[in-house]
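Structure data (compact mmCIF, N, CA, C and O atoms) from protein-v4.txt:
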```
# COMPACT_ATOMS: atom_id res chain seq x y z
N PHE A 1 27.46 -15.15 55.73
CA PHE A 1 26.10 -15.55 55.41
C PHE A 1 25.19 -15.37 56.62
O PHE A 1 24.04 -15.00 56.48
N GLN A 2 25.71 -15.69 57.80
CA GLN A 2 24.90 -15.54 59.00
C GLN A 2 24.56 -14.07 59.23
O GLN A 2 23.42 -13.75 59.57
N THR A 3 25.51 -13.19 59.04
CA THR A 3 25.25 -11.77 59.21
C THR A 3 24.21 -11.29 58.21
O THR A 3 23.29 -10.55 58.56
N ALA A 4 24.32 -11.73 56.97
CA ALA A 4 23.33 -11.36 55.95
C ALA A 4 21.94 -11.83 56.37
O ALA A 4 20.97 -11.09 56.28
N ALA A 5 21.85 -13.07 56.84
CA ALA A 5 20.55 -13.61 57.27
C ALA A 5 19.98 -12.79 58.42
O ALA A 5 18.78 -12.49 58.44
N MET A 6 20.83 -12.40 59.36
CA MET A 6 20.36 -11.61 60.50
C MET A 6 19.88 -10.23 60.07
O MET A 6 19.03 -9.63 60.72
N LEU A 7 20.40 -9.74 58.95
CA LEU A 7 19.99 -8.45 58.41
C LEU A 7 18.80 -8.57 57.47
O LEU A 7 18.36 -7.59 56.88
N GLY A 8 18.30 -9.81 57.29
CA GLY A 8 17.15 -10.02 56.42
C GLY A 8 17.50 -10.13 54.95
O GLY A 8 16.63 -10.02 54.09
N ILE A 9 18.78 -10.35 54.66
CA ILE A 9 19.24 -10.48 53.28
C ILE A 9 19.28 -11.95 52.91
O ILE A 9 19.92 -12.75 53.58
N THR A 10 18.59 -12.31 51.84
CA THR A 10 18.59 -13.69 51.38
C THR A 10 19.76 -13.90 50.43
O THR A 10 19.91 -13.17 49.45
N VAL A 11 20.58 -14.89 50.72
CA VAL A 11 21.69 -15.26 49.85
C VAL A 11 21.31 -16.57 49.17
O VAL A 11 20.97 -17.55 49.84
N CYS A 12 21.35 -16.60 47.85
CA CYS A 12 21.03 -17.80 47.08
C CYS A 12 22.30 -18.36 46.46
O CYS A 12 23.18 -17.60 46.05
N ALA A 13 22.40 -19.69 46.40
CA ALA A 13 23.55 -20.33 45.77
C ALA A 13 23.09 -21.57 45.03
O ALA A 13 22.21 -22.30 45.51
N ALA A 14 23.69 -21.82 43.90
CA ALA A 14 23.37 -23.00 43.10
C ALA A 14 23.79 -24.26 43.83
O ALA A 14 24.84 -24.31 44.48
N ALA A 15 22.96 -25.30 43.73
CA ALA A 15 23.26 -26.59 44.35
C ALA A 15 24.34 -27.35 43.59
O ALA A 15 24.86 -28.34 44.08
N GLY A 16 24.69 -26.89 42.39
CA GLY A 16 25.76 -27.50 41.62
C GLY A 16 25.31 -27.88 40.22
O GLY A 16 24.13 -27.82 39.88
N ASP A 17 26.29 -28.27 39.39
CA ASP A 17 26.04 -28.61 37.99
C ASP A 17 26.45 -30.02 37.62
O ASP A 17 26.30 -30.41 36.47
N ASN A 18 27.02 -30.75 38.55
CA ASN A 18 27.59 -32.04 38.22
C ASN A 18 27.01 -33.19 39.03
O ASN A 18 27.69 -34.16 39.33
N GLY A 19 25.72 -33.08 39.37
CA GLY A 19 25.06 -34.14 40.11
C GLY A 19 25.68 -34.37 41.48
O GLY A 19 26.45 -33.56 41.99
N SER A 20 25.34 -35.47 42.08
CA SER A 20 25.83 -35.74 43.43
C SER A 20 27.30 -36.14 43.47
O SER A 20 27.95 -36.02 44.50
N ALA A 21 27.85 -36.60 42.35
CA ALA A 21 29.28 -36.91 42.30
C ALA A 21 30.12 -35.64 42.29
O ALA A 21 31.25 -35.61 42.74
N ASP A 22 29.54 -34.57 41.76
CA ASP A 22 30.17 -33.25 41.72
C ASP A 22 31.53 -33.26 41.02
O ASP A 22 32.44 -32.53 41.41
N GLY A 23 31.68 -34.13 40.05
CA GLY A 23 32.93 -34.19 39.29
C GLY A 23 34.03 -34.98 39.96
O GLY A 23 35.12 -35.12 39.43
N GLU A 24 33.78 -35.50 41.15
CA GLU A 24 34.77 -36.31 41.87
C GLU A 24 34.63 -37.78 41.45
O GLU A 24 33.58 -38.20 40.98
N HIS A 25 35.67 -38.53 41.64
CA HIS A 25 35.66 -39.95 41.26
C HIS A 25 36.01 -40.83 42.45
O HIS A 25 36.68 -41.84 42.31
N ASP A 26 35.53 -40.43 43.63
CA ASP A 26 35.86 -41.16 44.85
C ASP A 26 34.74 -42.09 45.32
O ASP A 26 34.84 -42.70 46.37
N GLY A 27 33.65 -42.18 44.53
CA GLY A 27 32.55 -43.06 44.89
C GLY A 27 31.64 -42.51 45.98
O GLY A 27 30.74 -43.21 46.43
N LYS A 28 31.88 -41.29 46.40
CA LYS A 28 31.05 -40.68 47.44
C LYS A 28 30.10 -39.66 46.81
O LYS A 28 30.29 -39.24 45.68
N VAL A 29 29.09 -39.27 47.58
CA VAL A 29 28.20 -38.19 47.15
C VAL A 29 28.69 -36.89 47.77
O VAL A 29 29.29 -36.89 48.85
N HIS A 30 28.45 -35.79 47.08
CA HIS A 30 28.97 -34.49 47.51
C HIS A 30 27.88 -33.43 47.46
O HIS A 30 27.07 -33.42 46.54
N VAL A 31 27.89 -32.55 48.43
CA VAL A 31 26.98 -31.42 48.49
C VAL A 31 27.83 -30.16 48.42
O VAL A 31 28.80 -30.01 49.16
N ASP A 32 27.46 -29.24 47.53
CA ASP A 32 28.24 -28.03 47.34
C ASP A 32 28.03 -27.01 48.45
O ASP A 32 26.92 -26.83 48.95
N PHE A 33 29.11 -26.35 48.84
CA PHE A 33 29.07 -25.17 49.69
C PHE A 33 29.30 -23.98 48.77
O PHE A 33 30.12 -24.08 47.87
N PRO A 34 28.59 -22.92 48.88
CA PRO A 34 27.82 -22.48 50.03
C PRO A 34 26.35 -22.88 50.03
O PRO A 34 25.63 -22.55 50.98
N ALA A 35 25.86 -23.62 49.03
CA ALA A 35 24.44 -23.99 49.01
C ALA A 35 24.06 -24.79 50.25
O ALA A 35 22.90 -24.75 50.68
N SER A 36 24.99 -25.51 50.85
CA SER A 36 24.69 -26.32 52.03
C SER A 36 24.67 -25.53 53.34
O SER A 36 24.24 -26.04 54.36
N SER A 37 25.10 -24.29 53.30
CA SER A 37 25.11 -23.47 54.51
C SER A 37 23.69 -23.26 55.03
O SER A 37 22.78 -23.00 54.24
N PRO A 38 23.49 -23.33 56.32
CA PRO A 38 22.16 -23.10 56.87
C PRO A 38 21.68 -21.66 56.70
O PRO A 38 20.51 -21.37 56.92
N PHE A 39 22.55 -20.77 56.29
CA PHE A 39 22.19 -19.37 56.11
C PHE A 39 22.06 -18.98 54.64
O PHE A 39 21.99 -17.80 54.30
N VAL A 40 22.01 -19.98 53.76
CA VAL A 40 21.91 -19.76 52.32
C VAL A 40 20.72 -20.54 51.78
O VAL A 40 20.43 -21.64 52.25
N LEU A 41 20.05 -19.98 50.80
CA LEU A 41 18.97 -20.68 50.11
C LEU A 41 19.60 -21.47 48.96
O LEU A 41 20.11 -20.89 48.01
N GLY A 42 19.62 -22.80 49.10
CA GLY A 42 20.19 -23.66 48.06
C GLY A 42 19.21 -23.84 46.93
O GLY A 42 18.08 -24.27 47.13
N CYS A 43 19.64 -23.50 45.71
CA CYS A 43 18.76 -23.53 44.54
C CYS A 43 19.15 -24.66 43.59
O CYS A 43 20.29 -24.71 43.14
N GLY A 44 18.23 -25.55 43.32
CA GLY A 44 18.46 -26.64 42.39
C GLY A 44 17.99 -26.28 41.01
O GLY A 44 17.12 -25.43 40.82
N GLY A 45 18.56 -26.95 40.02
CA GLY A 45 18.19 -26.69 38.64
C GLY A 45 17.03 -27.55 38.19
O GLY A 45 16.90 -28.71 38.58
N THR A 46 16.17 -26.97 37.36
CA THR A 46 15.06 -27.71 36.78
C THR A 46 14.97 -27.40 35.30
O THR A 46 15.54 -26.42 34.82
N THR A 47 14.27 -28.25 34.58
CA THR A 47 13.96 -28.02 33.18
C THR A 47 12.47 -27.76 33.08
O THR A 47 11.66 -28.58 33.51
N LEU A 48 12.13 -26.61 32.55
CA LEU A 48 10.73 -26.20 32.44
C LEU A 48 10.29 -26.35 30.99
O LEU A 48 10.93 -25.84 30.08
N THR A 49 9.21 -27.07 30.77
CA THR A 49 8.64 -27.23 29.44
C THR A 49 7.39 -26.36 29.36
O THR A 49 6.56 -26.37 30.28
N THR A 50 7.28 -25.60 28.27
CA THR A 50 6.13 -24.71 28.11
C THR A 50 5.39 -25.01 26.82
O THR A 50 5.94 -25.59 25.88
N LYS A 51 4.15 -24.60 26.80
CA LYS A 51 3.32 -24.66 25.58
C LYS A 51 2.50 -23.38 25.57
O LYS A 51 1.85 -23.05 26.56
N ASP A 52 2.58 -22.68 24.46
CA ASP A 52 1.89 -21.39 24.35
C ASP A 52 2.27 -20.45 25.48
O ASP A 52 1.43 -19.77 26.07
N LYS A 53 3.57 -20.47 25.83
CA LYS A 53 4.14 -19.61 26.87
C LYS A 53 3.62 -19.90 28.26
O LYS A 53 3.74 -19.08 29.17
N LYS A 54 3.06 -21.08 28.47
CA LYS A 54 2.58 -21.48 29.78
C LYS A 54 3.30 -22.76 30.20
O LYS A 54 3.49 -23.66 29.38
N PRO A 55 3.73 -22.85 31.46
CA PRO A 55 4.42 -24.06 31.91
C PRO A 55 3.49 -25.28 31.90
O PRO A 55 2.34 -25.19 32.31
N VAL A 56 4.02 -26.40 31.36
CA VAL A 56 3.24 -27.64 31.36
C VAL A 56 3.92 -28.73 32.19
O VAL A 56 3.27 -29.67 32.63
N SER A 57 5.23 -28.62 32.39
CA SER A 57 5.93 -29.57 33.25
C SER A 57 7.25 -28.98 33.71
O SER A 57 7.82 -28.10 33.07
N GLU A 58 7.71 -29.48 34.84
CA GLU A 58 9.00 -29.07 35.38
C GLU A 58 9.62 -30.29 36.04
O GLU A 58 8.99 -30.94 36.87
N ILE A 59 10.84 -30.62 35.63
CA ILE A 59 11.53 -31.79 36.17
C ILE A 59 12.94 -31.39 36.60
O ILE A 59 13.46 -30.37 36.18
N VAL A 60 13.55 -32.24 37.40
CA VAL A 60 14.93 -32.01 37.83
C VAL A 60 15.83 -31.94 36.60
O VAL A 60 15.72 -32.76 35.69
N TRP A 61 16.75 -30.96 36.60
CA TRP A 61 17.64 -30.78 35.46
C TRP A 61 18.68 -31.89 35.42
O TRP A 61 19.40 -32.13 36.39
N HIS A 62 18.73 -32.57 34.28
CA HIS A 62 19.72 -33.63 34.04
C HIS A 62 19.90 -33.76 32.54
O HIS A 62 18.96 -34.06 31.83
N ASN A 63 21.11 -33.51 32.07
CA ASN A 63 21.40 -33.61 30.64
C ASN A 63 22.06 -34.94 30.32
O ASN A 63 22.73 -35.54 31.16
N ALA A 64 21.92 -35.37 29.08
CA ALA A 64 22.53 -36.62 28.62
C ALA A 64 24.05 -36.56 28.69
O ALA A 64 24.71 -37.60 28.80
N ASP A 65 24.64 -35.36 28.66
CA ASP A 65 26.10 -35.23 28.70
C ASP A 65 26.67 -35.34 30.11
O ASP A 65 27.86 -35.16 30.31
N GLY A 66 25.83 -35.62 31.09
CA GLY A 66 26.32 -35.79 32.46
C GLY A 66 26.06 -34.62 33.37
O GLY A 66 26.22 -34.73 34.58
N GLY A 67 25.69 -33.47 32.82
CA GLY A 67 25.37 -32.33 33.67
C GLY A 67 24.06 -32.57 34.40
O GLY A 67 23.11 -33.10 33.83
N ALA A 68 24.03 -32.23 35.66
CA ALA A 68 22.81 -32.40 36.45
C ALA A 68 22.87 -31.47 37.65
O ALA A 68 23.96 -31.11 38.12
N THR A 69 21.71 -31.11 38.14
CA THR A 69 21.68 -30.29 39.34
C THR A 69 22.32 -31.05 40.49
O THR A 69 22.30 -32.28 40.53
N GLY A 70 22.93 -30.33 41.38
CA GLY A 70 23.54 -30.95 42.54
C GLY A 70 22.56 -31.07 43.68
O GLY A 70 21.39 -30.72 43.56
N GLY A 71 23.05 -31.54 44.79
CA GLY A 71 22.21 -31.65 45.97
C GLY A 71 22.53 -32.90 46.76
O GLY A 71 23.32 -33.74 46.33
N GLY A 72 21.92 -32.99 47.90
CA GLY A 72 22.13 -34.13 48.77
C GLY A 72 21.98 -33.72 50.21
O GLY A 72 21.28 -32.77 50.53
N ILE A 73 22.69 -34.42 51.08
CA ILE A 73 22.61 -34.19 52.51
C ILE A 73 23.97 -33.73 53.03
O ILE A 73 24.98 -34.39 52.79
N SER A 74 23.97 -32.61 53.72
CA SER A 74 25.22 -32.09 54.28
C SER A 74 25.78 -33.05 55.32
O SER A 74 25.05 -33.64 56.11
N GLU A 75 27.10 -33.19 55.32
CA GLU A 75 27.78 -33.99 56.34
C GLU A 75 28.26 -33.13 57.50
O GLU A 75 28.85 -33.63 58.44
N TYR A 76 28.02 -31.81 57.42
CA TYR A 76 28.54 -30.88 58.41
C TYR A 76 27.46 -30.07 59.11
O TYR A 76 27.57 -29.79 60.29
N PHE A 77 26.44 -29.66 58.37
CA PHE A 77 25.39 -28.83 58.95
C PHE A 77 24.19 -29.69 59.30
O PHE A 77 23.67 -30.42 58.47
N PRO A 78 23.72 -29.62 60.55
CA PRO A 78 22.59 -30.46 60.97
C PRO A 78 21.29 -30.06 60.28
O PRO A 78 21.17 -28.96 59.72
N THR A 79 20.33 -30.94 60.34
CA THR A 79 19.01 -30.67 59.75
C THR A 79 18.40 -29.46 60.43
O THR A 79 18.26 -29.43 61.65
N PRO A 80 18.03 -28.43 59.65
CA PRO A 80 17.42 -27.25 60.26
C PRO A 80 15.98 -27.54 60.72
O PRO A 80 15.35 -28.50 60.28
N ASP A 81 15.48 -26.69 61.59
CA ASP A 81 14.12 -26.86 62.13
C ASP A 81 13.08 -27.02 61.03
O ASP A 81 12.19 -27.86 61.12
N TYR A 82 13.19 -26.21 59.97
CA TYR A 82 12.16 -26.23 58.93
C TYR A 82 12.20 -27.51 58.08
O TYR A 82 11.28 -27.74 57.29
N GLN A 83 13.21 -28.36 58.23
CA GLN A 83 13.26 -29.63 57.52
C GLN A 83 13.00 -30.83 58.44
O GLN A 83 13.00 -31.97 57.98
N GLN A 84 12.75 -30.58 59.71
CA GLN A 84 12.58 -31.66 60.68
C GLN A 84 11.41 -32.59 60.37
O GLN A 84 11.49 -33.77 60.63
N LYS A 85 10.34 -32.08 59.82
CA LYS A 85 9.13 -32.88 59.62
C LYS A 85 8.97 -33.42 58.21
O LYS A 85 7.92 -33.96 57.87
N ILE A 86 10.00 -33.32 57.38
CA ILE A 86 9.85 -33.79 55.99
C ILE A 86 10.66 -35.05 55.69
O ILE A 86 10.85 -35.42 54.55
N ASN A 87 11.15 -35.70 56.72
CA ASN A 87 11.86 -36.98 56.57
C ASN A 87 13.07 -36.91 55.64
O ASN A 87 13.22 -37.72 54.72
N VAL A 88 13.94 -35.94 55.89
CA VAL A 88 15.19 -35.84 55.13
C VAL A 88 16.04 -37.07 55.47
O VAL A 88 16.25 -37.36 56.65
N PRO A 89 16.52 -37.80 54.47
CA PRO A 89 17.35 -38.97 54.78
C PRO A 89 18.71 -38.56 55.34
O PRO A 89 19.09 -37.39 55.26
N VAL A 90 19.45 -39.50 55.85
CA VAL A 90 20.80 -39.22 56.35
C VAL A 90 21.78 -39.24 55.18
O VAL A 90 21.48 -39.76 54.10
N SER A 91 22.97 -38.71 55.41
CA SER A 91 24.02 -38.72 54.39
C SER A 91 24.41 -40.16 54.05
O SER A 91 24.59 -40.99 54.96
N LEU A 92 24.55 -40.44 52.77
CA LEU A 92 24.98 -41.78 52.35
C LEU A 92 26.42 -42.07 52.72
O LEU A 92 26.82 -43.22 52.82
N ASN A 93 27.21 -41.02 52.93
CA ASN A 93 28.63 -41.22 53.24
C ASN A 93 28.89 -41.58 54.70
O ASN A 93 29.76 -42.39 54.99
N ASN A 94 28.16 -40.92 55.62
CA ASN A 94 28.48 -41.12 57.04
C ASN A 94 27.26 -41.20 57.95
O ASN A 94 27.41 -41.14 59.17
N ASN A 95 26.07 -41.34 57.37
CA ASN A 95 24.81 -41.45 58.14
C ASN A 95 24.51 -40.23 59.01
O ASN A 95 23.74 -40.32 59.95
N PHE A 96 25.11 -39.09 58.70
CA PHE A 96 24.85 -37.86 59.45
C PHE A 96 23.47 -37.32 59.07
O PHE A 96 23.11 -37.28 57.89
N ALA A 97 22.70 -36.93 60.06
CA ALA A 97 21.39 -36.31 59.81
C ALA A 97 21.59 -34.84 59.53
O ALA A 97 21.58 -34.01 60.43
N GLY A 98 21.85 -34.52 58.27
CA GLY A 98 22.21 -33.15 57.89
C GLY A 98 21.16 -32.42 57.11
O GLY A 98 20.09 -32.94 56.80
N ARG A 99 21.51 -31.22 56.76
CA ARG A 99 20.64 -30.33 55.99
C ARG A 99 20.48 -30.86 54.57
O ARG A 99 21.45 -31.19 53.91
N GLY A 100 19.25 -30.93 54.12
CA GLY A 100 18.97 -31.34 52.74
C GLY A 100 19.10 -30.18 51.79
O GLY A 100 18.62 -29.08 52.06
N VAL A 101 19.79 -30.40 50.68
CA VAL A 101 20.00 -29.36 49.66
C VAL A 101 19.56 -29.93 48.31
O VAL A 101 19.86 -31.09 48.02
N PRO A 102 18.91 -29.21 47.45
CA PRO A 102 18.48 -27.82 47.60
C PRO A 102 17.23 -27.70 48.45
O PRO A 102 16.60 -28.69 48.78
N ASP A 103 16.90 -26.44 48.78
CA ASP A 103 15.72 -26.18 49.62
C ASP A 103 14.46 -26.44 48.84
O ASP A 103 14.34 -26.21 47.71
```
Mind converting the file's structure to structure tokens?
Amino acid sequence: FQTAAMLGITVCAAAGDNGSADGEHDGKVHVDFPASSPFVLGCGGTTLTTKDKKPVSEIVWHNADGGATGGGISEYFPTPDYQQKINVPVSLNNNFAGRGVPD
């Protein structure tokens, strides 16, 4: 991913489909890799509502069946420069000041 970024290639990865639990039952929050990589653009899911083929609202994707976009704070990758001024919270698991996903 770092080599791709250095070559000007953008790599996109989904933030996940199972919310912050990510299908685990350990009581912790989870951030998916490779979306959490500092060299990847983490993409979150949204639900877009349209009227007459024009967007009228967009909200975070979350289905009644438990599916939801993933995301959270990386426990491994530090907060990148471009997120320094947006008050990204620390990881709920270990208080690490990590990269916020999705971008």
Point-to-point distance in Å for atom C of Leu7 in chain A and CA of Gly45 in chain A
26.1 Å
Residues near range 70-74 of chain A, anyone? I mean within 7 Å using only C-alpha atoms, not counting same-chain ones fewer than 5 positions away, as a ChimeraX atom specification.
/A:15-20,30-31,36,44,90-91,98-102
DSSP on the backbone, then: every residue of chain A marked strand (DSSP E or B), written as an MDAnalysis selection string.
chainID A and resid 12:14 18 41:43 46:51 54:60 62 68 72:78 98:101
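Around the coordinate (28.7, -40.0, 52.8), residues that reach within 6 Å when counting only C-alpha atoms are Lys28, Val29, Ser91, Leu92, Asn93 and Asn94 of chain A.
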How many Å lie between atom N of Pro34 in chain A and atom O of Ala14 in chain A, rounded to one decimal?
5.9 Å
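A straight line drawn from atom N of Asp26 in chain A to atom C of Pro78 in chain A is 24.2 Å long.
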Per DSSP on the backbone, filter chain A down to the residues in helix (DSSP H, G or I) and report them as a ChimeraX atom specification.
/A:2-6,81-83
Same residues, N, CA, C and O atoms, output as a PDB file, in the coordinates of the input:
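That gives us part-v9.pdb:
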```pdb
ATOM      1  N   GLN A   2      25.710 -15.690  57.800  1.00  0.00           N
ATOM      2  CA  GLN A   2      24.900 -15.540  59.000  1.00  0.00           C
ATOM      3  C   GLN A   2      24.560 -14.070  59.230  1.00  0.00           C
ATOM      4  O   GLN A   2      23.420 -13.750  59.570  1.00  0.00           O
ATOM      5  N   THR A   3      25.510 -13.190  59.040  1.00  0.00           N
ATOM      6  CA  THR A   3      25.250 -11.770  59.210  1.00  0.00           C
ATOM      7  C   THR A   3      24.210 -11.290  58.210  1.00  0.00           C
ATOM      8  O   THR A   3      23.290 -10.550  58.560  1.00  0.00           O
ATOM      9  N   ALA A   4      24.320 -11.730  56.970  1.00  0.00           N
ATOM     10  CA  ALA A   4      23.330 -11.360  55.950  1.00  0.00           C
ATOM     11  C   ALA A   4      21.940 -11.830  56.370  1.00  0.00           C
ATOM     12  O   ALA A   4      20.970 -11.090  56.280  1.00  0.00           O
ATOM     13  N   ALA A   5      21.850 -13.070  56.840  1.00  0.00           N
ATOM     14  CA  ALA A   5      20.550 -13.610  57.270  1.00  0.00           C
ATOM     15  C   ALA A   5      19.980 -12.790  58.420  1.00  0.00           C
ATOM     16  O   ALA A   5      18.780 -12.490  58.440  1.00  0.00           O
ATOM     17  N   MET A   6      20.830 -12.400  59.360  1.00  0.00           N
ATOM     18  CA  MET A   6      20.360 -11.610  60.500  1.00  0.00           C
ATOM     19  C   MET A   6      19.880 -10.230  60.070  1.00  0.00           C
ATOM     20  O   MET A   6      19.030  -9.630  60.720  1.00  0.00           O
ATOM     21  N   ASP A  81      15.480 -26.690  61.590  1.00  0.00           N
ATOM     22  CA  ASP A  81      14.120 -26.860  62.130  1.00  0.00           C
ATOM     23  C   ASP A  81      13.080 -27.020  61.030  1.00  0.00           C
ATOM     24  O   ASP A  81      12.190 -27.860  61.120  1.00  0.00           O
ATOM     25  N   TYR A  82      13.190 -26.210  59.970  1.00  0.00           N
ATOM     26  CA  TYR A  82      12.160 -26.230  58.930  1.00  0.00           C
ATOM     27  C   TYR A  82      12.200 -27.510  58.080  1.00  0.00           C
ATOM     28  O   TYR A  82      11.280 -27.740  57.290  1.00  0.00           O
ATOM     29  N   GLN A  83      13.210 -28.360  58.230  1.00  0.00           N
ATOM     30  CA  GLN A  83      13.260 -29.630  57.520  1.00  0.00           C
ATOM     31  C   GLN A  83      13.000 -30.830  58.440  1.00  0.00           C
ATOM     32  O   GLN A  83      13.000 -31.970  57.980  1.00  0.00           O
TER      33      GLN A  83
END
```
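Among A:Ala97, A:Thr47, A:Phe1, A:Phe39, the residue with the shortest atom-to-atom distance to His62 in chain A, counting only C-alpha atoms, is A:Thr47.
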Measuring atom to atom with only C-alpha atoms, identify which of A:Asp103, A:Lys53, A:Phe33, A:Ala64 is nearest to Ile86 in chain A.
A:Asp103
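Nearest-residue note for Val11 in chain A: choosing from A:Asp32, A:Val88, A:Glu75, A:Val40, the minimum distance belongs to A:Val40, counting all atoms listed in the file.
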